[in-house]
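Source file: structure-v5.txt. Holds: compact mmCIF, C-alpha atoms and all ligand atoms.
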# COMPACT_ATOMS: atom_id res chain seq x y z
CA MET A 1 115.46 33.02 264.21
CA ALA A 2 114.96 29.27 263.59
CA PHE A 3 118.06 27.11 263.84
CA THR A 4 119.10 25.87 260.42
CA PHE A 5 122.10 26.03 258.10
CA PHE A 6 123.12 25.25 254.53
CA PHE A 7 123.91 21.59 253.85
CA ARG A 8 122.70 20.51 257.29
CA ASP A 9 122.67 16.69 257.50
CA LYS A 10 124.55 16.39 254.23
CA GLN A 11 124.45 12.58 254.49
CA THR A 12 120.67 12.57 254.06
CA LEU A 13 120.84 15.17 251.28
CA ASP A 14 123.37 12.98 249.46
CA LEU A 15 121.04 9.98 249.81
CA ILE A 16 118.20 12.02 248.28
CA GLN A 17 120.54 12.93 245.44
CA GLU A 18 121.45 9.26 244.95
CA HIS A 19 118.06 7.55 245.38
CA VAL A 20 115.37 10.11 244.60
CA VAL A 21 116.74 12.50 241.98
CA PRO A 22 117.17 9.77 239.30
CA ILE A 23 113.45 8.91 239.71
CA MET A 24 112.49 12.61 239.50
CA LYS A 25 114.22 12.98 236.16
CA SER A 26 111.42 11.15 234.35
CA ARG A 27 108.72 13.54 235.65
CA ARG A 28 107.26 16.40 233.62
CA PHE A 29 106.47 18.31 236.83
CA ILE A 30 108.77 17.78 239.80
CA ARG A 31 106.89 18.99 242.87
CA ILE A 32 108.69 19.02 246.19
CA TRP A 33 107.41 20.22 249.56
CA ASP A 34 109.88 21.42 252.21
CA ALA A 35 107.69 21.66 255.32
CA GLY A 36 109.14 23.79 258.13
CA CYS A 37 111.79 25.27 255.85
CA ALA A 38 112.87 28.16 258.16
CA TYR A 39 114.54 31.03 256.27
CA GLY A 40 115.83 29.10 253.28
CA PRO A 41 119.12 27.23 253.76
CA GLU A 42 117.38 23.84 253.61
CA PRO A 43 115.27 24.33 250.46
CA TYR A 44 118.17 26.08 248.69
CA SER A 45 120.62 23.30 249.65
CA LEU A 46 118.15 20.79 248.24
CA ALA A 47 117.70 22.86 245.06
CA ILE A 48 121.47 23.06 244.55
CA LEU A 49 122.00 19.32 245.01
CA ILE A 50 119.13 18.47 242.65
CA ARG A 51 120.44 20.93 240.04
CA GLU A 52 123.95 19.45 240.34
CA LYS A 53 122.62 15.94 239.61
CA MET A 54 119.91 16.83 237.12
CA GLY A 55 121.48 19.49 234.94
CA GLN A 56 120.02 22.79 233.76
CA PHE A 57 117.50 21.45 231.25
CA LEU A 58 115.53 19.11 233.54
CA PHE A 59 115.92 21.40 236.56
CA ARG A 60 113.46 23.81 234.92
CA ASN A 61 110.73 21.34 235.91
CA VAL A 62 111.57 21.57 239.61
CA ASN A 63 109.26 23.47 241.95
CA ILE A 64 110.07 23.44 245.67
CA LEU A 65 107.21 24.66 247.82
CA ALA A 66 108.92 25.82 251.00
CA SER A 67 106.50 26.36 253.86
CA ASP A 68 106.80 27.60 257.41
CA LEU A 69 104.59 28.83 260.23
CA ASN A 70 106.68 32.00 260.38
CA ASN A 71 105.60 34.24 257.52
CA ASN A 72 108.64 36.52 257.93
CA PHE A 73 110.80 33.90 256.23
CA GLY A 74 109.05 34.53 252.89
CA LYS A 75 110.92 37.75 252.13
CA ILE A 76 114.30 36.31 253.12
CA ILE A 77 113.73 33.33 250.82
CA SER A 78 112.52 35.42 247.88
CA ASP A 79 115.45 37.84 248.26
CA GLY A 80 117.89 34.90 248.58
CA ILE A 81 120.48 37.06 250.38
CA TYR A 82 122.62 35.56 253.14
CA ASN A 83 125.60 36.88 255.07
CA LYS A 84 129.12 35.50 255.14
CA GLU A 85 128.55 33.47 258.31
CA GLU A 86 125.37 31.87 256.97
CA ILE A 87 127.07 30.68 253.80
CA GLY A 88 130.26 29.68 255.64
CA ARG A 89 129.63 25.93 255.45
CA ILE A 90 128.97 25.84 251.72
CA PRO A 91 131.83 24.16 249.81
CA GLU A 92 133.76 26.74 247.80
CA ASN A 93 133.14 25.12 244.41
CA ILE A 94 129.35 25.25 245.04
CA LEU A 95 129.53 28.77 246.46
CA ASN A 96 131.30 30.07 243.36
CA ILE A 97 128.66 28.63 241.05
CA TYR A 98 125.46 29.52 242.92
CA PHE A 99 126.24 32.72 244.88
CA SER A 100 127.56 36.13 243.99
CA PRO A 101 128.47 39.12 246.18
CA VAL A 102 125.73 41.71 246.68
CA GLN A 103 126.82 45.06 245.24
CA HIS A 104 127.34 47.83 247.82
CA LYS A 105 126.64 45.40 250.69
CA PRO A 106 129.92 43.91 251.89
CA ASN A 107 129.79 40.37 253.32
CA TYR A 108 126.41 39.57 251.76
CA PHE A 109 125.84 37.09 248.95
CA VAL A 110 122.82 36.45 246.74
CA ILE A 111 121.83 33.05 245.41
CA SER A 112 121.40 32.71 241.63
CA ASP A 113 118.13 33.57 239.89
CA GLU A 114 117.85 29.96 238.74
CA MET A 115 117.77 28.77 242.38
CA ARG A 116 115.44 31.56 243.52
CA LYS A 117 112.95 30.71 240.77
CA SER A 118 112.86 27.07 241.86
CA VAL A 119 111.85 27.82 245.49
CA GLU A 120 108.49 29.32 246.35
CA PHE A 121 107.59 30.20 249.95
CA PHE A 122 104.16 29.88 251.48
CA ASN A 123 102.91 30.41 254.98
CA HIS A 124 101.49 27.15 256.36
CA ASP A 125 100.71 25.59 259.72
CA LEU A 126 101.37 21.84 259.70
CA ILE A 127 98.96 21.46 262.61
CA SER A 128 96.13 22.50 260.25
CA PHE A 129 96.60 18.95 258.84
CA LYS A 130 95.64 20.35 255.43
CA PRO A 131 98.22 19.98 252.66
CA PRO A 132 98.75 22.89 250.28
CA ARG A 133 98.27 20.54 247.32
CA THR A 134 98.82 16.91 246.33
CA GLY A 135 101.06 15.17 243.79
CA PHE A 136 104.43 15.76 245.48
CA CYS A 137 107.25 13.44 244.49
CA LEU A 138 109.26 14.36 247.61
CA ILE A 139 108.34 15.82 250.98
CA ILE A 140 111.12 16.87 253.35
CA CYS A 141 110.27 17.73 256.95
CA LYS A 142 113.26 17.93 259.25
CA ASN A 143 113.69 19.11 262.83
CA VAL A 144 110.04 20.17 263.07
CA LEU A 145 107.99 17.11 264.08
CA LEU A 146 109.95 16.64 267.30
CA HIS A 147 108.13 19.68 268.70
CA PHE A 148 104.70 18.08 268.13
CA LYS A 149 102.70 15.70 270.35
CA PRO A 150 103.01 12.04 269.19
CA GLU A 151 99.36 11.96 268.00
CA ASP A 152 99.94 15.14 265.97
CA GLN A 153 103.12 13.67 264.48
CA VAL A 154 101.01 10.75 263.21
CA LYS A 155 98.41 13.11 261.72
CA VAL A 156 101.05 15.26 260.02
CA ILE A 157 102.85 12.25 258.50
CA GLN A 158 99.46 10.86 257.38
CA MET A 159 98.88 14.23 255.65
CA PHE A 160 102.28 13.86 253.95
CA TYR A 161 101.33 10.33 252.85
CA ASP A 162 98.05 11.59 251.37
CA SER A 163 99.73 14.42 249.48
CA LEU A 164 102.53 12.29 247.97
CA GLU A 165 102.11 10.76 244.54
CA GLN A 166 102.23 6.94 244.38
CA GLY A 167 105.85 5.92 244.97
CA GLY A 168 106.72 9.39 246.27
CA TYR A 169 109.34 9.92 248.99
CA PHE A 170 109.24 11.32 252.52
CA VAL A 171 112.34 12.29 254.46
CA SER A 172 112.89 13.47 258.03
CA GLU A 173 115.87 13.91 260.33
CA GLN A 174 117.97 10.97 261.55
CA THR A 175 116.31 10.83 264.98
CA GLN A 176 112.67 11.04 263.84
CA LYS A 177 111.32 7.49 263.70
CA MET A 178 108.33 6.45 261.60
CA PRO A 179 105.35 5.97 263.99
CA ASP A 180 104.15 2.34 264.23
CA GLU A 181 100.65 3.37 263.07
CA LEU A 182 102.09 4.38 259.67
CA SER A 183 104.91 1.91 259.16
CA SER A 184 102.88 -0.30 256.76
CA LYS A 185 102.33 2.68 254.45
CA PHE A 186 105.98 3.40 253.77
CA GLU A 187 108.97 1.34 252.73
CA ARG A 188 112.32 2.38 254.20
CA VAL A 189 114.74 3.10 251.36
CA VAL A 190 118.09 3.07 253.19
CA SER A 191 119.20 1.99 256.64
CA ASN A 192 121.26 5.09 257.40
CA ALA A 193 118.62 7.82 256.96
CA GLN A 194 114.92 8.37 257.57
CA LEU A 195 114.13 8.19 253.86
CA PHE A 196 110.86 6.44 253.00
CA LYS A 197 108.94 5.55 249.85
CA LYS A 198 105.14 5.62 249.76
CA ILE A 199 103.77 2.12 249.19
C1 LIG A 201 114.60 23.99 263.73
S1 LIG A 201 113.80 24.71 262.35
C2 LIG A 201 114.16 23.49 261.11
C3 LIG A 201 114.47 24.11 259.79
C4 LIG A 201 114.91 23.12 258.72
N1 LIG A 201 113.85 22.19 258.42
C5 LIG A 201 116.16 22.39 259.13
O1 LIG A 201 116.09 21.21 259.49
O2 LIG A 201 117.24 22.97 259.12
C6 LIG A 201 112.07 24.39 262.70
C7 LIG A 201 111.12 25.20 261.82
O3 LIG A 201 109.79 24.65 261.97
C8 LIG A 201 108.87 25.73 261.95
N2 LIG A 201 107.60 25.30 262.56
C9 LIG A 201 107.34 25.10 263.87
N3 LIG A 201 106.06 24.73 264.05
C10 LIG A 201 105.48 24.68 262.82
C11 LIG A 201 104.17 24.39 262.34
N4 LIG A 201 103.17 24.06 263.18
N5 LIG A 201 103.94 24.44 261.01
C12 LIG A 201 104.94 24.78 260.16
N6 LIG A 201 106.20 25.09 260.55
C13 LIG A 201 106.47 25.05 261.86
C14 LIG A 201 109.60 26.84 262.70
O4 LIG A 201 109.06 28.11 262.40
C15 LIG A 201 111.05 26.67 262.21
O5 LIG A 201 111.31 27.45 261.09
Starting from the coordinates I provided, produce the structure as structure tokens.
Ligand SMILES: C[S@@+](CC[C@H](N)C(=O)[O-])C[C@H]1O[C@@H](n2cnc3c(N)ncnc32)[C@H](O)[C@@H]1O
Amino acid sequence: MAFTFFFRDKQTLDLIQEHVVPIMKSRRFIRIWDAGCAYGPEPYSLAILIREKMGQFLFRNVNILASDLNNNFGKIISDGIYNKEEIGRIPENILNIYFSPVQHKPNYFVISDEMRKSVEFFNHDLISFKPPRTGFCLIICKNVLLHFKPEDQVKVIQMFYDSLEQGGYFVSEQTQKMPDELSSKFERVVSNAQLFKKI
């Protein structure tokens, strides 16, 4: 099973909430791509933080395409069921709003229908260098690129650039630096996270 957890790198998620969500609010369609999403904690954490900032009405416009090479993650994400250990890091106030116990299955919790409807899984290989669609306002790709050769990292980030709308945002993990070849295409938004805006 891929290593991931709910609210991983909360600092970066908070910066998305602060800098990107206010821009999203003006969009009719809010398309987000979580590339290398594993079995769901990352796209669902993002969905929860966006919903918290945006409110119920505008959140209906949010569609998070969550992709991974491993197709088995699709069922876990669509079921939205996680055990007690997996949800252990979620703050209690958030847990009480977005999760409820699964009937007849002790220690398992299901995420709300509203969250499940906002996240759609698809099976995708980033090394195909073909985006699933264009017009994303945010692409998140964390703890995936480090496994790729430097030249493939450049090609994948170029693909992200091409599939972002003008002024769209790209975010990766703290340690993933923007390759020199692409640095003129993105503006760094904050100094304490790898959050970039398409120029
Ligand atoms: C360490 S997990 C990161 C999960 C999540 N992004 C996070 O940061 O918590 C890496 C994920 O990348 C996926 N992955 C690896 N190679 C990939 C590829 N070529 N295309 C798409 N996903 C890939 C793995 O299946 C795994 O789910």
request  = Find the residue from A:Arg8, A:Arg27, A:Lys149, A:Lys197 that sits nearest to ligand LIG 201 (chain A); use only C-alpha atoms and all ligand atoms when measuring.
outcome  =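 The answer is A:Arg8, which sits nearest to ligand LIG 201 (chain A).
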Between chain A and ligand LIG 201 (chain A), at 9 Å or less, what are the per-residue closest atom pairs and their distances in Å? Count all atoms listed in the file, order by chain and rising residue number, and return it as CSV.
residue,atom,partner,partner_atom,distance
A:Met1,CA,A:LIG201,O5,7.6
A:Ala2,CA,A:LIG201,O5,4.8
A:Phe3,CA,A:LIG201,C1,4.7
A:Thr4,CA,A:LIG201,O2,3.7
A:Phe5,CA,A:LIG201,O2,5.8
A:Phe6,CA,A:LIG201,O2,7.8
A:Phe7,CA,A:LIG201,O2,8.6
A:Arg8,CA,A:LIG201,O2,6.3
A:Asp9,CA,A:LIG201,O1,8.2
A:Asp34,CA,A:LIG201,N1,7.4
A:Ala35,CA,A:LIG201,C12,6.4
A:Gly36,CA,A:LIG201,O3,4.0
A:Cys37,CA,A:LIG201,N1,4.5
A:Ala38,CA,A:LIG201,O5,3.4
A:Tyr39,CA,A:LIG201,O5,6.8
A:Gly40,CA,A:LIG201,C4,8.1
A:Pro41,CA,A:LIG201,O2,7.1
A:Glu42,CA,A:LIG201,O2,5.6
A:Pro43,CA,A:LIG201,C4,8.4
A:Ser67,CA,A:LIG201,C12,6.7
A:Asp68,CA,A:LIG201,N6,4.1
A:Leu69,CA,A:LIG201,C12,4.1
A:Asn70,CA,A:LIG201,O4,5.0
A:Asn71,CA,A:LIG201,O4,8.6
A:Phe73,CA,A:LIG201,O5,8.1
A:Asn123,CA,A:LIG201,C12,7.9
A:His124,CA,A:LIG201,C12,5.7
A:Asp125,CA,A:LIG201,N5,3.7
A:Leu126,CA,A:LIG201,N5,3.9
A:Ile127,CA,A:LIG201,N4,5.0
A:Ser128,CA,A:LIG201,N4,7.8
A:Ile140,CA,A:LIG201,N1,7.8
A:Cys141,CA,A:LIG201,N1,5.9
A:Lys142,CA,A:LIG201,O1,4.3
A:Asn143,CA,A:LIG201,O1,4.6
A:Val144,CA,A:LIG201,O3,4.6
A:Leu145,CA,A:LIG201,N3,7.9
A:His147,CA,A:LIG201,N3,7.2
A:Phe148,CA,A:LIG201,N4,7.9
A:Ser172,CA,A:LIG201,O1,8.5
A:Glu173,CA,A:LIG201,O1,7.4
query = Which protein, DNA or RNA residues are at most 10 Å from (111.9, 10.0, 258.7) in the file's coordinates when you count all atoms listed in the file, listed as JSON, numbers by chain?
reply = {"A": [140, 141, 142, 145, 157, 170, 171, 172, 173, 174, 175, 176, 177, 178, 179, 188, 193, 194, 195, 196]}
query = What lies within 12 Å of stretch 98-115 of chain A using only C-alpha atoms, ignoring chain neighbours under 3 positions off, as a ChimeraX atom specification?
reply = /A:40-41,43-52,55-57,59-64,76-88,90-95,118-120
key: Selected residue of minimal separation from A:Gln166 among A:Val189, A:Leu138, A:Leu65, A:Ser184, counting only C-alpha atoms   = A:Leu138
task = Counting all atoms listed in the file, write as a list in words all protein and nucleic acid residues lying at most 12 Å from (119.1, 7.8, 243.0) in the file's frame.
result =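 So the residues meeting the distance criterion are Leu13, Asp14, Leu15, Ile16, Gln17, Glu18, His19, Val20, Val21, Pro22, Ile23, Met24, Lys25, Ile50, Lys53, Met54, Tyr169, Val189, Val190 and Leu195 of chain A.
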request  = Report the distance between atom CA of A:Phe186 and atom CA of A:Phe160 in Å, rounded to one decimal place.
outcome  =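 Separation of atom CA of A:Phe186 and atom CA of A:Phe160: 11.1 Å.
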query = For A:Gly74, which residue among A:Gly168, A:Phe122, A:Pro150, A:Asn96 is the nearest when counting all atoms listed in the file?
reply = A:Phe122
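Summary of the local environment: counting all atoms listed in the file, residues at most 10 Å from A:Asp162, other than itself and those fewer than 5 positions away along its chain, are Lys130, Pro131, Arg133, Thr134, Gly135, Phe136, Val156, Ile157 and Lys198 of chain A.
Relative to atom CA of A:Trp33, atom CA of A:Ile139 is found at 4.7 Å.
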